[in-house]
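Encoded as structure tokens, the structure appears first; notes follow it.
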Amino acid sequence: MTTGRVPQLDTNGQFPDRFAPPSVAANTQIAIAKAAAALESAASASGSAGTATAQATAASGSATAASGSATGAGSSATAASGSATAASGSATASGSSATASAGSATLAGEHRAAVEGFAVTTAAQVDAVFADPTSAPSIRQTATFAPTSQNGVMAHASRFAEVKNTKGGRIGTGGKGVIAFRIDHGIDRFRSIHWPLMRDRYLSCGFGFVSGSVENPTAAYEPSTTTWAQARLMHYEGAESWGHSADHGDPAPLGASPFTLEQQIQGCRATLEAQMLHPVGWQMPGVTGGVTPGYSSNLDTLGKLGTTEAGQRLMAGYGLIENYLHGSTRIMPTDGCYLLSHVTLDTMTLAGAKSYVDLAISEGVGIEMMFHPMWVGTTGFMSIADFTAVLDYVAAKRAAELLEVLTPSGLAFADPGTSYRLNLLNTSGFEGSSKVGGVIGAWTATVDAGIALRQDGGHTGLNYVRFSGTNNLLEQPFKYVDQGGYHNAALEVSAWVRNTTASAAQARIKVFVSSPGGYPDLGTQRDGFYALPANTPWTKIRLPFCMPRSDPGGAPTEHVAIRIARLDTGTTPGDVDFDDIQMNPI
């Protein structure tokens, strides 16, 4: 945070994370842009120039563009005192001519949006850019901008398809509602306080990275001591990656941030990619109030995804885009996410948070719960005790099979109209399987003693596997990580387990990933341990994780092995039965 002030809710009911008002220069640019945009709109109708009047007021003054029309290709004009007259392309308004009261600037064809493509602050700069855009790169926000081209459209389509493919096209919920957790930056506090609470309850989430903060203790907006290796471990444990800007500031040239739209949007993605974190989408930062067209709260219609530079850059850079559209609930299926919103836990009461969970259950809708780690657990905001209670409430409803908990990208493809879910394991239940040595279907035992294929009634059907020995496990590989495009995909291993003995038992799921270079920065492999009291009936256990994209040396993940086992610590000698093991997208 750059201020000690407690934020006030903005017009979207969100807590903005920057509080500085737009600068005088930014207001002047907005005034110029609004005047130019109004006149351009009037001039472009039916291929002829029209008339319009636009007025924009800034902190240091106002800009007025008088109605009129502009003459075609040979016309010229001047811009002064913060006003602009727009003429579309080389259109000719026959017999008409006009002069803006305070001056005018020709706004021709592809160079139409002064505020979108150029950092203009004076009339002279406007004239210089429009006369020869390539001669004034210092005025341009970027030297080249291509998302309006077919390449940009195809980039979005491919990124969207990439995410959808990892979900198997859709995630069937069988009519159940969905809760997804979204985390807006604050990586230091999240990793040390909130994530252990979520991880230990086997809850997944989507984390919005402010890419310039990670491993940067001197970052202007959000200093952080979290390393990229720690971020990768958090990702592997089940926090999928989302882009959330470079510095959480209003982009240059209109805002106070030194980063342009390109750096905030595409630069954020490039930084994450370089650190082997593949963002599934973009979660819009709530900034000053959206001084940049098509950015933050100014991206308030789907149309602006195609008509503003910010919208086009987001479409070209990401497959999914979250913002503030259509309120707090999602009527599923949505087949992706285009600007859909969330609820904010920061100042919500425990009763209020529970009511949203109940709403998801009763109405079968999707709800994304977002919170800022910088606020939750501090004075005036939701306490850690209440936050923990929210997590327990969600976990309990999921255990009762009343609710699905998915990642934000999983929510985008959740479909209550089907029960279909992609399962990446070959042998899940054990019907039709036989045991030959240490092999049961696609499962192979490391130590065969103490593993039995039983046929006296499993969770479904007759067959199941019983573990009664120590230091043994069954392993099944999934060898198609690269072919299926599952690098960085959010997945969950689940199994039905029970303990029919009079002694306590402990079940275990382990995810082991493999690549030529190994994973030294991931620490221990992803492990789940589940206590089963004596005589525990069939119970579903889960272990979420995200597939690492590559090892630290850049070698891609080759395969993942799923291991199931009984863990005997001496105090938990009971048997553990396993059935219906799956690996599903979440």
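Residues are named by chain letter and number: chains run A, B, ... in the order of the structure tokens, numbers start at 1 in each chain, and ligands are numbered from 1 in the order shown.
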
Q) Which neighbours of A:Ile183 fall inside 12 Å, counting only C-alpha atoms, when residues of the same chain fewer than 6 positions from it are skipped, and could you give them as a PyMOL selection string? A) chain A and resi 189-191+194-195+198+204-210+239-244+283-285+342-346+368-376+407-408

Residues near A:His487, cut-off 7 Å, only C-alpha atoms, skip fewer than 4 positions along chain, as a tab-separated table (two decimals) with N, CA, C and O atoms, in the first residue's frame:
```
chain	number	residue	atom	x	y	z
A	481	VAL	N	0.84	-35.39	-20.55
A	481	VAL	CA	0.81	-33.99	-20.10
A	481	VAL	C	1.02	-33.05	-21.28
A	481	VAL	O	0.27	-32.09	-21.48
A	482	ASP	N	2.04	-33.33	-22.07
A	482	ASP	CA	2.35	-32.44	-23.20
A	482	ASP	C	1.33	-32.59	-24.32
A	482	ASP	O	0.82	-31.59	-24.84
A	547	MET	N	-0.43	-28.53	-12.46
A	547	MET	CA	0.66	-29.21	-13.12
A	547	MET	C	1.79	-28.22	-13.40
A	547	MET	O	1.57	-27.20	-14.04
A	548	PRO	N	3.01	-28.49	-12.92
A	548	PRO	CA	4.13	-27.59	-13.27
A	548	PRO	C	4.34	-27.57	-14.78
A	548	PRO	O	4.23	-28.59	-15.45
A	549	ARG	N	4.65	-26.38	-15.30
A	549	ARG	CA	4.84	-26.25	-16.75
A	549	ARG	C	6.14	-26.88	-17.19
A	549	ARG	O	6.20	-27.57	-18.20
```

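Neighbouring residues of A:Ile171 at 7 Å or closer, counting only C-alpha atoms and skipping chain neighbours under 2 positions away, are A:Lys167, A:Thr173, A:Phe413, A:Ala414, A:Asp415, A:Tyr420, A:Arg421.
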
(Q) From the options A:Gly366, A:Lys164, A:Arg199, A:Leu473, which residue's atoms come nearest to A:Pro333, counting only C-alpha atoms? (A) A:Gly366

Q.
Using only C-alpha atoms for the distances, tell me which of A:Leu406, A:Ala389, A:Met234, A:Ala246 is nearest to A:Ala270.
A. A:Ala246

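Restricting the calculation to only C-alpha atoms, the smallest distance between A:Glu322 and any of A:Val291, A:Leu340, A:Ala220, A:Ala412 is found for A:Leu340.
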
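Each of A:Met315, A:Val365, A:Met583, A:Ile562 was checked against A:Asn423 using only C-alpha atoms; the smallest atom-to-atom distance is that of A:Met583.
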
(Q) What's around A:Val439 at 9 Å? Count only C-alpha atoms, leave out sequence neighbours fewer than 6 positions away in its own chain, and write the answer as a PyMOL selection string. (A) chain A and resi 445+448+474

(Q) With only C-alpha atoms as the counted atoms, please give the residues lying no more than 12 Å from A:Leu350, apart from itself and same-chain residues fewer than 4 positions off, as a ChimeraX atom specification. (A) /A:345-346,354-357,381-394

Please produce a file of those selected residues containing all heavy atoms, as a compact mmCIF listing (two decimals), in the first residue's frame.
```
# COMPACT_ATOMS: atom_id res chain seq x y z
N LEU A 345 -15.06 -10.52 0.05
CA LEU A 345 -15.14 -10.94 1.43
C LEU A 345 -14.57 -9.92 2.41
O LEU A 345 -14.81 -10.03 3.62
CB LEU A 345 -14.40 -12.28 1.63
CG LEU A 345 -14.97 -13.51 0.93
CD1 LEU A 345 -14.08 -14.72 1.23
CD2 LEU A 345 -16.39 -13.79 1.39
N ASP A 346 -13.81 -8.95 1.94
CA ASP A 346 -13.00 -8.09 2.81
C ASP A 346 -13.75 -7.58 4.05
O ASP A 346 -13.24 -7.68 5.16
CB ASP A 346 -12.47 -6.90 2.02
CG ASP A 346 -11.47 -7.31 0.96
OD1 ASP A 346 -11.15 -8.51 0.87
OD2 ASP A 346 -11.01 -6.43 0.21
N LYS A 354 -21.64 -16.85 4.52
CA LYS A 354 -22.37 -18.13 4.50
C LYS A 354 -23.63 -18.04 3.64
O LYS A 354 -24.01 -19.02 2.98
CB LYS A 354 -22.74 -18.54 5.93
CG LYS A 354 -21.57 -19.04 6.76
CD LYS A 354 -22.06 -19.49 8.14
CE LYS A 354 -20.95 -20.11 8.96
NZ LYS A 354 -21.42 -20.54 10.31
N SER A 355 -24.26 -16.88 3.63
CA SER A 355 -25.48 -16.74 2.83
C SER A 355 -25.19 -16.88 1.34
O SER A 355 -26.02 -17.39 0.58
CB SER A 355 -26.15 -15.39 3.11
OG SER A 355 -25.41 -14.31 2.57
N TYR A 356 -24.01 -16.45 0.90
CA TYR A 356 -23.64 -16.63 -0.50
C TYR A 356 -23.40 -18.10 -0.81
O TYR A 356 -23.74 -18.58 -1.89
CB TYR A 356 -22.41 -15.80 -0.84
CG TYR A 356 -22.74 -14.37 -1.20
CD1 TYR A 356 -22.41 -13.32 -0.34
CD2 TYR A 356 -23.38 -14.06 -2.39
CE1 TYR A 356 -22.71 -12.00 -0.66
CE2 TYR A 356 -23.69 -12.76 -2.73
CZ TYR A 356 -23.36 -11.73 -1.85
OH TYR A 356 -23.66 -10.42 -2.18
N VAL A 357 -22.79 -18.82 0.12
CA VAL A 357 -22.59 -20.26 -0.07
C VAL A 357 -23.94 -20.96 -0.17
O VAL A 357 -24.17 -21.81 -1.04
CB VAL A 357 -21.76 -20.85 1.08
CG1 VAL A 357 -21.59 -22.36 0.90
CG2 VAL A 357 -20.38 -20.18 1.16
N PHE A 381 -11.70 -5.22 9.08
CA PHE A 381 -12.02 -6.15 7.99
C PHE A 381 -12.32 -7.53 8.57
O PHE A 381 -12.25 -7.75 9.77
CB PHE A 381 -10.88 -6.20 6.98
CG PHE A 381 -10.62 -4.89 6.30
CD1 PHE A 381 -9.75 -3.96 6.85
CD2 PHE A 381 -11.29 -4.56 5.12
CE1 PHE A 381 -9.53 -2.74 6.23
CE2 PHE A 381 -11.07 -3.34 4.50
CZ PHE A 381 -10.20 -2.43 5.05
N MET A 382 -12.68 -8.46 7.72
CA MET A 382 -12.97 -9.82 8.17
C MET A 382 -11.80 -10.37 8.97
O MET A 382 -10.64 -10.27 8.54
CB MET A 382 -13.28 -10.72 6.98
CG MET A 382 -13.57 -12.18 7.37
SD MET A 382 -13.99 -13.24 5.96
CE MET A 382 -15.72 -12.83 5.73
N SER A 383 -12.10 -10.97 10.11
CA SER A 383 -11.05 -11.53 10.94
C SER A 383 -10.57 -12.87 10.38
O SER A 383 -11.26 -13.51 9.59
CB SER A 383 -11.56 -11.73 12.37
OG SER A 383 -12.56 -12.73 12.40
N ILE A 384 -9.40 -13.30 10.82
CA ILE A 384 -8.89 -14.60 10.40
C ILE A 384 -9.79 -15.71 10.94
O ILE A 384 -10.02 -16.73 10.27
CB ILE A 384 -7.44 -14.80 10.88
CG1 ILE A 384 -6.52 -13.82 10.14
CG2 ILE A 384 -6.98 -16.23 10.63
CD1 ILE A 384 -6.49 -13.98 8.63
N ALA A 385 -10.36 -15.51 12.13
CA ALA A 385 -11.27 -16.51 12.69
C ALA A 385 -12.50 -16.67 11.80
O ALA A 385 -12.93 -17.81 11.51
CB ALA A 385 -11.69 -16.12 14.10
N ASP A 386 -13.08 -15.55 11.35
CA ASP A 386 -14.24 -15.63 10.46
C ASP A 386 -13.86 -16.18 9.09
O ASP A 386 -14.61 -16.94 8.47
CB ASP A 386 -14.90 -14.27 10.32
CG ASP A 386 -15.76 -13.90 11.53
OD1 ASP A 386 -15.94 -14.77 12.40
OD2 ASP A 386 -16.23 -12.76 11.60
N PHE A 387 -12.69 -15.79 8.60
CA PHE A 387 -12.22 -16.31 7.32
C PHE A 387 -12.08 -17.83 7.40
O PHE A 387 -12.50 -18.56 6.49
CB PHE A 387 -10.88 -15.66 6.96
CG PHE A 387 -10.24 -16.22 5.72
CD1 PHE A 387 -10.74 -15.91 4.46
CD2 PHE A 387 -9.13 -17.06 5.81
CE1 PHE A 387 -10.15 -16.44 3.31
CE2 PHE A 387 -8.54 -17.58 4.66
CZ PHE A 387 -9.05 -17.26 3.42
N THR A 388 -11.50 -18.31 8.48
CA THR A 388 -11.35 -19.76 8.67
C THR A 388 -12.71 -20.44 8.73
O THR A 388 -12.90 -21.53 8.16
CB THR A 388 -10.57 -20.04 9.96
OG1 THR A 388 -9.29 -19.39 9.89
CG2 THR A 388 -10.35 -21.54 10.15
N ALA A 389 -13.67 -19.79 9.39
CA ALA A 389 -15.02 -20.35 9.48
C ALA A 389 -15.68 -20.42 8.11
O ALA A 389 -16.44 -21.36 7.83
CB ALA A 389 -15.86 -19.52 10.45
N VAL A 390 -15.42 -19.44 7.25
CA VAL A 390 -15.96 -19.48 5.88
C VAL A 390 -15.39 -20.69 5.14
O VAL A 390 -16.13 -21.44 4.47
CB VAL A 390 -15.62 -18.19 5.12
CG1 VAL A 390 -15.99 -18.31 3.64
CG2 VAL A 390 -16.34 -16.99 5.73
N LEU A 391 -14.08 -20.90 5.26
CA LEU A 391 -13.45 -22.04 4.60
C LEU A 391 -14.04 -23.36 5.11
O LEU A 391 -14.31 -24.27 4.33
CB LEU A 391 -11.94 -22.01 4.82
CG LEU A 391 -11.18 -20.78 4.32
CD1 LEU A 391 -9.68 -20.97 4.58
CD2 LEU A 391 -11.44 -20.52 2.85
N ASP A 392 -14.22 -23.46 6.42
CA ASP A 392 -14.77 -24.68 6.99
C ASP A 392 -16.21 -24.92 6.51
O ASP A 392 -16.61 -26.06 6.25
CB ASP A 392 -14.75 -24.60 8.52
CG ASP A 392 -13.36 -24.80 9.10
OD1 ASP A 392 -12.51 -25.40 8.41
OD2 ASP A 392 -13.12 -24.33 10.22
N TYR A 393 -16.96 -23.84 6.37
CA TYR A 393 -18.35 -23.96 5.91
C TYR A 393 -18.40 -24.46 4.47
O TYR A 393 -19.18 -25.36 4.14
CB TYR A 393 -19.04 -22.60 6.03
CG TYR A 393 -20.54 -22.65 5.90
CD1 TYR A 393 -21.32 -23.23 6.88
CD2 TYR A 393 -21.19 -22.10 4.79
CE1 TYR A 393 -22.72 -23.27 6.78
CE2 TYR A 393 -22.57 -22.12 4.67
CZ TYR A 393 -23.33 -22.71 5.67
OH TYR A 393 -24.69 -22.75 5.56
N VAL A 394 -17.53 -23.90 3.62
CA VAL A 394 -17.47 -24.34 2.23
C VAL A 394 -17.02 -25.80 2.15
O VAL A 394 -17.61 -26.61 1.42
CB VAL A 394 -16.51 -23.43 1.42
CG1 VAL A 394 -16.26 -24.01 0.02
CG2 VAL A 394 -17.08 -22.02 1.30
```

Q: Would you please give, as a PyMOL selection string, all residues of stretch 325-402 of chain A that DSSP assigns to strand (DSSP E or B) based on the backbone?
A: chain A and resi 325+330+338-340+343-344+366-371

May I have the residues from that selection written out with C-alpha atoms, as a PDB file, in the first residue's frame?
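Full text of out.pdb as output:
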```pdb
ATOM      1  CA  LEU A 325     -19.995  -7.189 -15.140  1.00  0.00           C
ATOM      2  CA  ARG A 330     -23.101 -16.386 -12.420  1.00  0.00           C
ATOM      3  CA  TYR A 338     -15.926 -12.212 -20.376  1.00  0.00           C
ATOM      4  CA  LEU A 339     -15.831  -9.505 -17.686  1.00  0.00           C
ATOM      5  CA  LEU A 340     -17.838 -11.511 -15.118  1.00  0.00           C
ATOM      6  CA  VAL A 343     -18.322 -10.925  -4.350  1.00  0.00           C
ATOM      7  CA  THR A 344     -15.778  -9.394  -1.974  1.00  0.00           C
ATOM      8  CA  GLY A 366     -21.719 -19.971  -9.467  1.00  0.00           C
ATOM      9  CA  ILE A 367     -20.173 -17.495  -7.036  1.00  0.00           C
ATOM     10  CA  GLU A 368     -16.583 -16.338  -7.028  1.00  0.00           C
ATOM     11  CA  MET A 369     -15.419 -15.164  -3.604  1.00  0.00           C
ATOM     12  CA  MET A 370     -12.618 -12.617  -3.837  1.00  0.00           C
ATOM     13  CA  PHE A 371     -10.558 -11.163  -1.020  1.00  0.00           C
TER      14      PHE A 371
END
```

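Between atom CA of A:Ser550 and atom CA of A:Ser211 lies a distance of 19.0 Å.
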
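Put simply, atom CA of A:Thr571 is 11.8 Å away from atom CA of A:Ala534.
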
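Residue nearest A:Arg542, chosen from A:Leu203, A:Leu261, A:Leu453, A:Asp300 and counting only C-alpha atoms: A:Leu203.
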
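Residues in contact with A:Thr470 at up to 9 Å, not including ones fewer than 6 positions away on its chain and judged by only C-alpha atoms, are A:Val447, A:Ala449, A:Gly450, A:Ala565, A:Arg566, A:Leu567, A:Asp568, A:Pro573.
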
Q: For A:Gly317, list every protein, DNA or RNA residue within 9 Å, evaluated using only C-alpha atoms, and leave out those in the same chain fewer than 2 positions away; present the list as a list in words.
A: Pro147, Gly152, Ala155, His156, Arg159, Ile265, Gln266, Arg269, Gly281, Trp282, Gln312, Arg313, Leu314, Met315 and Gly319 of chain A

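Using only C-alpha atoms, the smallest distance between any of A:Trp538, A:Ala231, A:Glu309, A:Gly458 and A:Ser192 comes from A:Ala231.
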